[in-house]
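S.K.: Encoded as structure tokens, here's the structure I'll be asking about.
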Number of protein chains: 2
Amino acid sequence: MATLKDVARLAGVSVKTVSNVVNGYEFVKPDNRRRVEEALATTGYRPNIGARNLRRGRTGSLALVLPELSIPYFGEMAGLVLEAAGEHEWNVLIEQTLGTRDRERATLAALGPHMIDAAIVSPEALHARDFDQLDPGIPVVMLGEHSVDVPIDHVGIDNVLAATVATRHLVELGRNRIAAIGAHPYRGTATQRLEGYRTALTTAGLPVREEYIVQALNYHRRDGADAMAHLLSLPTPPDAVFCFNDLLAIGALRAAAEHGVSVPRDVAVVGFDNNEESAYSMPSLTTIAPDKAAIAHSAVDLIRRRLKGGQDLEPEDVQTPFSLEIRESTR
Amino acid sequence: MATLKDVARLAGVSVKTVSNVVNGYEFVKPDNRRRVEEALATTGYRPNIGARNLRRGRTGSLALVLPELSIPYFGEMAGLVLEAAGEHEWNVLIEQTLGTRDRERATLAALGPHMIDAAIVSPEALHARDFDQLDPGIPVVMLGEHSVDVPIDHVGIDNVLAATVATRHLVELGRNRIAAIGAHPYRGTATQRLEGYRTALTTAGLPVREEYIVQALNYHRRDGADAMAHLLSLPTPPDAVFCFNDLLAIGALRAAAEHGVSVPRDVAVVGFDNNEESAYSMPSLTTIAPDKAAIAHSAVDLIRRRLKGGQDLEPEDVQTPFSLEIRESTR
DNA sequence: CATCGTTGGTACAACGTTGTAAAGACCCAG
DNA sequence: CTGGGTCTTTACAACGTTGTACCAACGATG
């Protein structure tokens, strides 16, 4: 692999002159410039980004820390973050935490300020206090989960409001036994969505029945199916279900079918995330559709802002838009 | 950020001694070791990976080049590659090509040998000759697509055989009007799967009817739905369909439902890839299930082999196992 | 007591790049 | 032809790390 030194020797100039040509420095004699450019071409020189970054004190990479790429929501988000970061010539290094708190902490600690300029973190199990002890030394943006106590930039949608909208939609269909799948002991988004669900019910004058609130420790399709099976076995099963993400909803659809329950006639189902697959499920799934591209772009923008502005900027909390996508599962 | 120099000053030893402690060198006096470790702790020292790699002549990163993370198959593969690479302490840098040939070429050329030690490429549109002119200067492993002409390591399943198995399964159900969705003018895997489809039909003594072979320029759900709609509008519609990936199959399921055609009674459907969602579709999808973890591990192993062994190793072609996952869509 | 091998430590250079400072070439006005 | 400025190029150091070479003790061996 050719280095500046090789090119310089070939062109008969100093290393620095070659560097100057490569970096578009103005004052280079046409004659030398030509010779350098020829030498660059014949050697096929490519700058050593690592060395350049060492010198410049930056890395040119971002980390994206998320639970699992195989989960459609994160796969889609990751793709969009890659696009948004690419627009500013950042490479993106992806780390999976598999949703465990230890690994989220370890990852954040290990990445340190050397491999990456900043990190975009989509925490699953992280507590606010995990960030206190941490100080990763680089800007961090949180996606989704919102820890109000910690002074960290954050992007996400208004989960309480979105959950209210989803639940109200079910109320407006005339359903009055509305269940929720996805309650979780310490996951922040779960708490917020549950709050929105409760608000919508009480606003509509409907009772909040605790047996209609089903926990899901994971948010996979299987958990949704289990939860739905449980709901359908109740003495008075619900006539509508709000699932806290689309995977739970997809599982719920299957459980309903296996119990011979028709969706949406017997039970209406609403999901959350608008995964691509949800437009093709049978029936297709009504769901809260966050503007994922907006989330990705906001996250990258927050990072750029903080890299320019420094530590002492006020942490910002960007709320991105969402919509309710109405499909067959509530029609 | 603390450097070795800072730690050395604090501990009252040379930089190199600190380096030795950090790297677990054996012969350090207990007394010094203790002082260094204290200094390491109080400064919170973390090695500058960039500098270390510059010195060592490696980068510690792999690139994973694939069409799109939002496509479930690639999301799942990416997750597994991350895991496999992590076992050897590689970071993974993901690049999306969006399936365009220009961007595949550009990405491969740009990554060069500085940012990464090697690349795992899942080509979509790349021709064999694109690699000829290229010589990225680092080991490259190809996933899936198999360009026999180019001396590059490759991992994948036997597409011809897998397609034969899938098609034969439909034959054994007693179907004799078996269609194929996913033919493609120059995509290698498409050609191979089509070949397997043809072989299975002729082996079974069934005619290959060209009107039952439907092109798909993209492999998304929409394309599968369109293709299926077309097939169902034929004078004699097929009684079985082999789709070249699961997304096409999911689209086909929906089109069938919209045409009031029952799966599997009227039309049996087989997919390819075993996406996680395919176990939960309605009906659940019979599909070819490649051992994705094996693919990921083989790819990483091939890279390690070549980084050790050098350029002159014979290119290897690893065939990973697959199975036929039989579900409701053919039951 | 001289020699040797082992253990423990250090100084220096180098990886490839770029910022700094300074030196050299050139041109024009006085 | 001198002085001053502008253009052009260069040597050097530095980013943080580690490999190499070397030095200094030390106890053991002859």
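Letters A, B, ... mark the chains of the structure tokens in the order given; residue numbers begin at 1 per chain; ligand numbers begin at 1, in order shown.
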Report as a ChimeraX atom specification: the residues of region 86-285 of chain A with a DSSP assignment of helix (DSSP H, G or I), based on the backbone of this structure.
M.R.: /A:86,101-115,128-132,159-172,188-203,210-212,221-232,246-258,276-279
S.K.: Hey, what's within 8 Å of region 170-174 of chain B if we count only C-alpha atoms (C1' of nucleotides) and toss same-chain stuff fewer than 3 positions away? As JSON, numbers by chain, please?
M.R.: {"B": [166, 167, 178, 201, 204, 240, 268, 270, 330]}
S.K.: Distance limit 12 Å, atoms considered: only C-alpha atoms (C1' of nucleotides). Which chain A residues sit that close to chain C? Return them as an mmCIF file with C-alpha atoms, in the first residue's frame.
M.R.:
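Saved to iface20.cif:
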```
data_model
loop_
_atom_site.group_PDB
_atom_site.id
_atom_site.type_symbol
_atom_site.label_atom_id
_atom_site.label_comp_id
_atom_site.auth_asym_id
_atom_site.auth_seq_id
_atom_site.Cartn_x
_atom_site.Cartn_y
_atom_site.Cartn_z
ATOM 1 C CA MET A 1 0.000 0.000 0.000
ATOM 2 C CA ALA A 2 1.388 3.345 -1.110
ATOM 3 C CA THR A 3 1.990 6.067 1.473
ATOM 4 C CA LEU A 4 2.640 9.752 1.094
ATOM 5 C CA LYS A 5 6.333 8.976 1.284
ATOM 6 C CA ASP A 6 6.184 6.682 -1.730
ATOM 7 C CA VAL A 15 5.981 14.485 1.701
ATOM 8 C CA LYS A 16 4.282 17.657 2.779
ATOM 9 C CA THR A 17 3.834 18.893 -0.764
ATOM 10 C CA VAL A 18 2.049 15.704 -1.638
ATOM 11 C CA SER A 19 -0.094 16.108 1.450
ATOM 12 C CA ASN A 20 -0.849 19.633 0.311
ATOM 13 C CA VAL A 22 -4.095 15.748 -1.627
ATOM 14 C CA ASN A 23 -5.789 18.220 0.681
ATOM 15 C CA LYS A 29 3.246 25.191 -8.605
ATOM 16 C CA ARG A 46 -5.303 6.199 -0.670
ATOM 17 C CA PRO A 47 -4.888 8.166 2.548
ATOM 18 C CA ASN A 48 -4.572 6.149 5.722
ATOM 19 C CA ILE A 49 -7.669 7.304 7.517
ATOM 20 C CA GLY A 50 -6.472 5.934 10.811
ATOM 21 C CA ALA A 51 -3.304 7.971 10.753
ATOM 22 C CA ARG A 52 -5.134 11.052 9.578
ATOM 23 C CA ASN A 53 -7.640 10.739 12.365
ATOM 24 C CA LEU A 54 -4.928 10.140 14.943
ATOM 25 C CA ARG A 55 -3.356 13.369 13.827
ATOM 26 C CA ARG A 56 -6.635 15.269 13.627
ATOM 27 C CA GLY A 57 -7.979 13.946 16.885
#
```
S.K.: Find the distance between CA of Ile181 (chain B) and CA of Asn275 (chain A) and write it in Å to one decimal.
M.R.: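 Taking CA of Ile181 (chain B) and CA of Asn275 (chain A), their separation equals 23.9 Å.
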S.K.: Restrict the calculation to only C-alpha atoms (C1' of nucleotides), then for each residue of chain D with any atom at most 12 Å from an atom of chain A give the closest atom pair and their distance in Å to one decimal, rows by chain and rising residue number, as JSON lines.
M.R.:
```
{"residue": "D:DT6", "atom": "C1'", "partner": "A:Phe27", "partner_atom": "CA", "distance": 10.9}
{"residue": "D:DC7", "atom": "C1'", "partner": "A:Phe27", "partner_atom": "CA", "distance": 7.0}
{"residue": "D:DT8", "atom": "C1'", "partner": "A:Val28", "partner_atom": "CA", "distance": 6.4}
{"residue": "D:DT9", "atom": "C1'", "partner": "A:Thr17", "partner_atom": "CA", "distance": 7.1}
{"residue": "D:DT10", "atom": "C1'", "partner": "A:Ser14", "partner_atom": "CA", "distance": 6.7}
{"residue": "D:DA11", "atom": "C1'", "partner": "A:Ser14", "partner_atom": "CA", "distance": 9.4}
{"residue": "D:DC12", "atom": "C1'", "partner": "A:Lys16", "partner_atom": "CA", "distance": 11.2}
{"residue": "D:DA13", "atom": "C1'", "partner": "A:Arg55", "partner_atom": "CA", "distance": 11.8}
{"residue": "D:DA14", "atom": "C1'", "partner": "A:Arg55", "partner_atom": "CA", "distance": 8.0}
{"residue": "D:DC15", "atom": "C1'", "partner": "A:Arg55", "partner_atom": "CA", "distance": 4.6}
{"residue": "D:DG16", "atom": "C1'", "partner": "A:Leu54", "partner_atom": "CA", "distance": 8.1}
{"residue": "D:DT17", "atom": "C1'", "partner": "A:Leu54", "partner_atom": "CA", "distance": 10.8}
```
S.K.: So that I have them on file, write out the residues from the current selection with C-alpha atoms (C1' of nucleotides), as a PDB file, in the first residue's frame.
M.R.:
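Saved file out_17.pdb follows:
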```pdb
ATOM      1  C1'  DT D   6       4.295  37.163  -1.819  1.00  0.00           C
ATOM      2  C1'  DC D   7       4.385  32.592  -3.252  1.00  0.00           C
ATOM      3  C1'  DT D   8       6.290  27.710  -2.755  1.00  0.00           C
ATOM      4  C1'  DT D   9       8.524  24.179  -0.530  1.00  0.00           C
ATOM      5  C1'  DT D  10      10.617  21.863   3.108  1.00  0.00           C
ATOM      6  C1'  DA D  11      12.188  19.898   7.764  1.00  0.00           C
ATOM      7  C1'  DC D  12      10.503  18.853  11.983  1.00  0.00           C
ATOM      8  C1'  DA D  13       7.511  17.586  15.524  1.00  0.00           C
ATOM      9  C1'  DA D  14       3.578  15.565  17.118  1.00  0.00           C
ATOM     10  C1'  DC D  15      -0.795  12.447  17.582  1.00  0.00           C
ATOM     11  C1'  DG D  16      -0.465   7.508  21.120  1.00  0.00           C
ATOM     12  C1'  DT D  17       1.093   3.277  20.705  1.00  0.00           C
TER      13       DT D  17
END
```
S.K.: Please check the contacts: residues of chain A at most 7 Å away from chain B, using only C-alpha atoms, listed as a VMD selection string.
M.R.: chain A and resid 48 to 51 54 68 to 70 72 75 to 76 78 to 79 91 to 94 114 to 115 251 254 280 to 282
S.K.: Can you write out the residues you just picked, keeping N, CA and C atoms, as an mmCIF file, in the first residue's frame?
M.R.:
```cif
data_model
loop_
_atom_site.group_PDB
_atom_site.id
_atom_site.type_symbol
_atom_site.label_atom_id
_atom_site.label_comp_id
_atom_site.auth_asym_id
_atom_site.auth_seq_id
_atom_site.Cartn_x
_atom_site.Cartn_y
_atom_site.Cartn_z
ATOM 1 N N ASN A 48 -4.338 7.017 4.577
ATOM 2 C CA ASN A 48 -4.572 6.149 5.722
ATOM 3 C C ASN A 48 -5.431 6.907 6.731
ATOM 4 N N ILE A 49 -6.706 6.550 6.710
ATOM 5 C CA ILE A 49 -7.669 7.304 7.517
ATOM 6 C C ILE A 49 -7.309 7.233 8.996
ATOM 7 N N GLY A 50 -6.827 6.085 9.400
ATOM 8 C CA GLY A 50 -6.472 5.934 10.811
ATOM 9 C C GLY A 50 -5.424 6.933 11.235
ATOM 10 N N ALA A 51 -4.378 7.043 10.429
ATOM 11 C CA ALA A 51 -3.304 7.971 10.753
ATOM 12 C C ALA A 51 -3.805 9.408 10.712
ATOM 13 N N LEU A 54 -5.808 10.038 13.780
ATOM 14 C CA LEU A 54 -4.928 10.140 14.943
ATOM 15 C C LEU A 54 -4.385 11.557 15.034
ATOM 16 N N GLU A 68 -30.887 -5.404 18.988
ATOM 17 C CA GLU A 68 -30.702 -6.525 18.076
ATOM 18 C C GLU A 68 -31.102 -6.124 16.668
ATOM 19 N N LEU A 69 -30.228 -6.376 15.720
ATOM 20 C CA LEU A 69 -30.529 -6.002 14.342
ATOM 21 C C LEU A 69 -31.623 -6.856 13.737
ATOM 22 N N SER A 70 -31.830 -8.048 14.269
ATOM 23 C CA SER A 70 -32.832 -8.929 13.676
ATOM 24 C C SER A 70 -34.243 -8.493 14.043
ATOM 25 N N PRO A 72 -37.116 -6.152 13.538
ATOM 26 C CA PRO A 72 -37.370 -5.298 12.370
ATOM 27 C C PRO A 72 -37.264 -3.808 12.665
ATOM 28 N N GLY A 75 -33.650 -2.936 12.734
ATOM 29 C CA GLY A 75 -33.067 -3.068 11.409
ATOM 30 C C GLY A 75 -33.412 -1.862 10.553
ATOM 31 N N GLU A 76 -34.679 -1.481 10.592
ATOM 32 C CA GLU A 76 -35.096 -0.333 9.792
ATOM 33 C C GLU A 76 -34.444 0.945 10.291
ATOM 34 N N ALA A 78 -31.650 1.251 11.917
ATOM 35 C CA ALA A 78 -30.214 1.215 11.627
ATOM 36 C C ALA A 78 -29.954 1.641 10.186
ATOM 37 N N GLY A 79 -30.760 1.128 9.273
ATOM 38 C CA GLY A 79 -30.597 1.514 7.880
ATOM 39 C C GLY A 79 -30.708 3.021 7.709
ATOM 40 N N ASN A 91 -18.720 7.004 9.112
ATOM 41 C CA ASN A 91 -18.936 5.567 9.095
ATOM 42 C C ASN A 91 -19.700 5.203 10.349
ATOM 43 N N VAL A 92 -20.427 4.129 10.286
ATOM 44 C CA VAL A 92 -21.201 3.722 11.446
ATOM 45 C C VAL A 92 -20.820 2.313 11.857
ATOM 46 N N LEU A 93 -20.554 2.202 13.118
ATOM 47 C CA LEU A 93 -20.126 0.966 13.723
ATOM 48 C C LEU A 93 -21.288 0.517 14.605
ATOM 49 N N ILE A 94 -21.806 -0.647 14.338
ATOM 50 C CA ILE A 94 -23.005 -1.062 15.066
ATOM 51 C C ILE A 94 -22.653 -2.084 16.144
ATOM 52 N N HIS A 114 -12.121 6.803 21.624
ATOM 53 C CA HIS A 114 -11.065 6.641 20.633
ATOM 54 C C HIS A 114 -11.557 6.078 19.314
ATOM 55 N N MET A 115 -12.404 5.091 19.410
ATOM 56 C CA MET A 115 -12.906 4.484 18.181
ATOM 57 C C MET A 115 -13.917 5.379 17.487
ATOM 58 N N GLY A 251 -47.891 -11.482 16.825
ATOM 59 C CA GLY A 251 -48.120 -12.691 17.621
ATOM 60 C C GLY A 251 -49.575 -12.784 18.061
ATOM 61 N N ARG A 254 -51.883 -14.048 15.346
ATOM 62 C CA ARG A 254 -51.804 -15.495 15.151
ATOM 63 C C ARG A 254 -52.560 -16.229 16.257
ATOM 64 N N TYR A 280 -48.373 -6.101 5.513
ATOM 65 C CA TYR A 280 -48.648 -7.316 4.745
ATOM 66 C C TYR A 280 -49.154 -8.468 5.589
ATOM 67 N N SER A 281 -49.284 -8.242 6.898
ATOM 68 C CA SER A 281 -49.798 -9.324 7.732
ATOM 69 C C SER A 281 -51.251 -9.584 7.358
ATOM 70 N N MET A 282 -51.774 -10.692 7.833
ATOM 71 C CA MET A 282 -53.169 -11.037 7.555
ATOM 72 C C MET A 282 -53.936 -11.088 8.862
#
```
S.K.: Leaving out Ala256 (chain A) and any residue of its chain fewer than 6 positions from it, which residues lie within 8 Å of it when counting only C-alpha atoms (C1' of nucleotides), given as a ChimeraX atom specification?
M.R.: /A:228-229,232,262-263
S.K.: Please produce a file of the residues just selected, as a compact mmCIF listing (two decimals), in the first residue's frame, where the atoms kept are N, CA and C atoms.
M.R.:
```
# COMPACT_ATOMS: atom_id res chain seq x y z
N MET A 228 -51.89 -12.89 24.12
CA MET A 228 -53.21 -12.92 23.52
C MET A 228 -53.95 -14.19 23.92
N ALA A 229 -53.25 -15.31 23.90
CA ALA A 229 -53.88 -16.57 24.30
C ALA A 229 -54.42 -16.43 25.72
N LEU A 232 -57.60 -14.32 25.70
CA LEU A 232 -58.76 -14.99 25.11
C LEU A 232 -59.31 -16.07 26.03
N SER A 262 -62.03 -13.88 15.23
CA SER A 262 -61.83 -13.09 14.02
C SER A 262 -61.34 -11.68 14.36
N VAL A 263 -60.32 -11.24 13.61
CA VAL A 263 -59.82 -9.88 13.72
C VAL A 263 -60.17 -9.17 12.41
```
S.K.: Among region 53-241 of chain A, which residues does DSSP mark as strand (DSSP E or B) when it is run on the backbone? Keep the chain and numbering as in the structure and answer as a ChimeraX atom specification.
M.R.: /A:61-66,91-96,118-121,140-143,153-156,178-183,213-215,240-241
S.K.: Go ahead and save the residues from that selection, with C-alpha atoms, as a CSV table (one decimal), in the first residue's frame.
M.R.:
```csv
chain,number,residue,atom,x,y,z
A,61,SER,CA,-17.0,7.0,13.0
A,62,LEU,CA,-20.2,6.9,15.0
A,63,ALA,CA,-21.4,4.0,17.1
A,64,LEU,CA,-25.0,2.9,16.9
A,65,VAL,CA,-25.8,0.8,20.0
A,66,LEU,CA,-29.1,-1.1,19.8
A,91,ASN,CA,-18.9,5.6,9.1
A,92,VAL,CA,-21.2,3.7,11.4
A,93,LEU,CA,-20.1,1.0,13.7
A,94,ILE,CA,-23.0,-1.1,15.1
A,95,GLU,CA,-23.0,-2.8,18.4
A,96,GLN,CA,-25.7,-5.2,19.6
A,118,ALA,CA,-20.1,10.0,19.2
A,119,ALA,CA,-22.7,7.3,20.0
A,120,ILE,CA,-26.4,6.9,19.2
A,121,VAL,CA,-27.8,4.6,21.8
A,140,VAL,CA,-24.3,10.5,23.3
A,141,VAL,CA,-27.8,10.7,21.9
A,142,MET,CA,-30.5,8.5,23.3
A,143,LEU,CA,-33.2,7.1,21.0
A,153,ASP,CA,-29.7,14.6,24.2
A,154,HIS,CA,-32.7,12.6,23.3
A,155,VAL,CA,-34.9,11.9,20.2
A,156,GLY,CA,-38.2,10.1,20.1
A,178,ILE,CA,-59.8,-2.8,25.5
A,179,ALA,CA,-56.8,-4.7,26.7
A,180,ALA,CA,-53.1,-3.8,26.5
A,181,ILE,CA,-50.2,-6.1,25.9
A,182,GLY,CA,-46.6,-5.1,26.7
A,183,ALA,CA,-46.5,-3.8,30.3
A,213,ILE,CA,-53.2,-5.3,31.2
A,214,VAL,CA,-50.7,-8.1,30.3
A,215,GLN,CA,-47.0,-8.0,30.9
A,240,ALA,CA,-59.8,-4.9,21.3
A,241,VAL,CA,-56.1,-5.0,22.1
```
S.K.: Do a neighbour search on Ile157 (chain A) at 7 Å with only C-alpha atoms (C1' of nucleotides), toss out local chain neighbours closer than 2 positions, and write the hits as a compact mmCIF listing (two decimals) with N, CA and C atoms, in the first residue's frame.
M.R.:
```txt
# COMPACT_ATOMS: atom_id res chain seq x y z
N ASN A 159 -44.52 9.21 23.52
CA ASN A 159 -45.10 7.87 23.69
C ASN A 159 -46.46 7.91 24.37
N PRO A 290 -44.16 5.89 13.72
CA PRO A 290 -43.23 6.97 14.00
C PRO A 290 -42.51 7.35 12.70
N GLN A 319 -38.81 15.96 19.81
CA GLN A 319 -39.98 15.11 19.62
C GLN A 319 -40.27 15.04 18.13
N THR A 320 -40.21 13.83 17.59
CA THR A 320 -40.47 13.67 16.16
C THR A 320 -41.93 13.28 15.94
N PRO A 321 -42.44 13.58 14.75
CA PRO A 321 -43.86 13.34 14.50
C PRO A 321 -44.17 11.84 14.34
N PHE A 322 -45.44 11.53 14.53
CA PHE A 322 -45.92 10.16 14.27
C PHE A 322 -47.32 10.26 13.70
```
S.K.: Using only C-alpha atoms (C1' of nucleotides), determine which residues lie at most 8 Å from Val81 (chain A), disregarding the query and same-chain residues fewer than 4 positions distant; provide the list as a list in words.
M.R.: Met77, Ala85, Ala293, Ala296, His297 and Val300 of chain A
S.K.: Near Ala249 (chain A), within 7 Å and counting only C-alpha atoms (C1' of nucleotides), which residues show up once chain neighbours fewer than 4 positions away are dropped, as a short mmCIF file (atom, residue, chain, number, x, y, z; two decimals) with C-alpha atoms, in the first residue's frame?
M.R.:
```cif
data_model
loop_
_atom_site.label_atom_id
_atom_site.label_comp_id
_atom_site.auth_asym_id
_atom_site.auth_seq_id
_atom_site.Cartn_x
_atom_site.Cartn_y
_atom_site.Cartn_z
CA GLY A 224 -47.57 -11.40 21.90
CA CYS A 243 -50.04 -3.96 21.65
CA ASN A 245 -45.16 -2.95 19.47
CA LEU A 253 -53.02 -11.94 15.40
CA VAL A 269 -55.79 -5.00 17.19
CA VAL A 270 -53.49 -1.99 17.13
CA GLY A 271 -49.71 -2.16 17.11
#
```
S.K.: Just the residues within 10 Å of Gln192 (chain B), please, counting only C-alpha atoms (C1' of nucleotides), with nothing from its chain fewer than 5 positions along; format it as a PDB file with N, CA and C atoms, in the first residue's frame.
M.R.:
```pdb
ATOM      1  N   GLU B 145     -24.363 -14.724  -3.309  1.00  0.00           N
ATOM      2  CA  GLU B 145     -24.064 -14.684  -4.745  1.00  0.00           C
ATOM      3  C   GLU B 145     -22.707 -15.334  -5.012  1.00  0.00           C
ATOM      4  N   HIS B 146     -22.645 -16.101  -6.057  1.00  0.00           N
ATOM      5  CA  HIS B 146     -21.447 -16.876  -6.289  1.00  0.00           C
ATOM      6  C   HIS B 146     -20.911 -16.618  -7.692  1.00  0.00           C
ATOM      7  N   ASP B 158     -26.077 -24.301  -1.276  1.00  0.00           N
ATOM      8  CA  ASP B 158     -26.219 -24.793  -2.641  1.00  0.00           C
ATOM      9  C   ASP B 158     -27.605 -24.394  -3.143  1.00  0.00           C
ATOM     10  N   ASN B 159     -27.654 -23.276  -3.845  1.00  0.00           N
ATOM     11  CA  ASN B 159     -28.944 -22.728  -4.256  1.00  0.00           C
ATOM     12  C   ASN B 159     -29.701 -23.651  -5.193  1.00  0.00           C
ATOM     13  N   VAL B 160     -28.976 -24.290  -6.095  1.00  0.00           N
ATOM     14  CA  VAL B 160     -29.641 -25.183  -7.035  1.00  0.00           C
ATOM     15  C   VAL B 160     -30.302 -26.322  -6.266  1.00  0.00           C
ATOM     16  N   LEU B 161     -29.541 -26.937  -5.384  1.00  0.00           N
ATOM     17  CA  LEU B 161     -30.085 -28.057  -4.615  1.00  0.00           C
ATOM     18  C   LEU B 161     -31.262 -27.609  -3.757  1.00  0.00           C
ATOM     19  N   ALA B 162     -31.101 -26.482  -3.078  1.00  0.00           N
ATOM     20  CA  ALA B 162     -32.173 -26.012  -2.199  1.00  0.00           C
ATOM     21  C   ALA B 162     -33.449 -25.765  -2.995  1.00  0.00           C
ATOM     22  N   ALA B 163     -33.298 -25.168  -4.162  1.00  0.00           N
ATOM     23  CA  ALA B 163     -34.484 -24.905  -4.986  1.00  0.00           C
ATOM     24  C   ALA B 163     -35.110 -26.212  -5.447  1.00  0.00           C
ATOM     25  N   THR B 164     -34.273 -27.181  -5.727  1.00  0.00           N
ATOM     26  CA  THR B 164     -34.804 -28.492  -6.111  1.00  0.00           C
ATOM     27  C   THR B 164     -35.614 -29.089  -4.970  1.00  0.00           C
ATOM     28  N   ALA B 183     -37.657 -14.855 -10.928  1.00  0.00           N
ATOM     29  CA  ALA B 183     -36.644 -14.895 -11.982  1.00  0.00           C
ATOM     30  C   ALA B 183     -36.083 -13.493 -12.174  1.00  0.00           C
ATOM     31  N   ARG B 187     -29.258 -11.644 -11.759  1.00  0.00           N
ATOM     32  CA  ARG B 187     -28.924 -11.975 -10.392  1.00  0.00           C
ATOM     33  C   ARG B 187     -28.578 -13.461 -10.305  1.00  0.00           C
ATOM     34  N   TYR B 197     -35.394 -25.262  -9.756  1.00  0.00           N
ATOM     35  CA  TYR B 197     -36.834 -25.403 -10.020  1.00  0.00           C
ATOM     36  C   TYR B 197     -37.068 -26.236 -11.274  1.00  0.00           C
ATOM     37  N   ARG B 198     -36.357 -25.887 -12.348  1.00  0.00           N
ATOM     38  CA  ARG B 198     -36.513 -26.608 -13.617  1.00  0.00           C
ATOM     39  C   ARG B 198     -36.126 -28.076 -13.446  1.00  0.00           C
TER      40      ARG B 198
END
```
S.K.: Between CA of Leu10 (chain A) and CA of Val36 (chain A), what is the distance in Å, rounded to a tenth?
M.R.: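 Between CA of Leu10 (chain A) and CA of Val36 (chain A) the gap works out to 8.2 Å.
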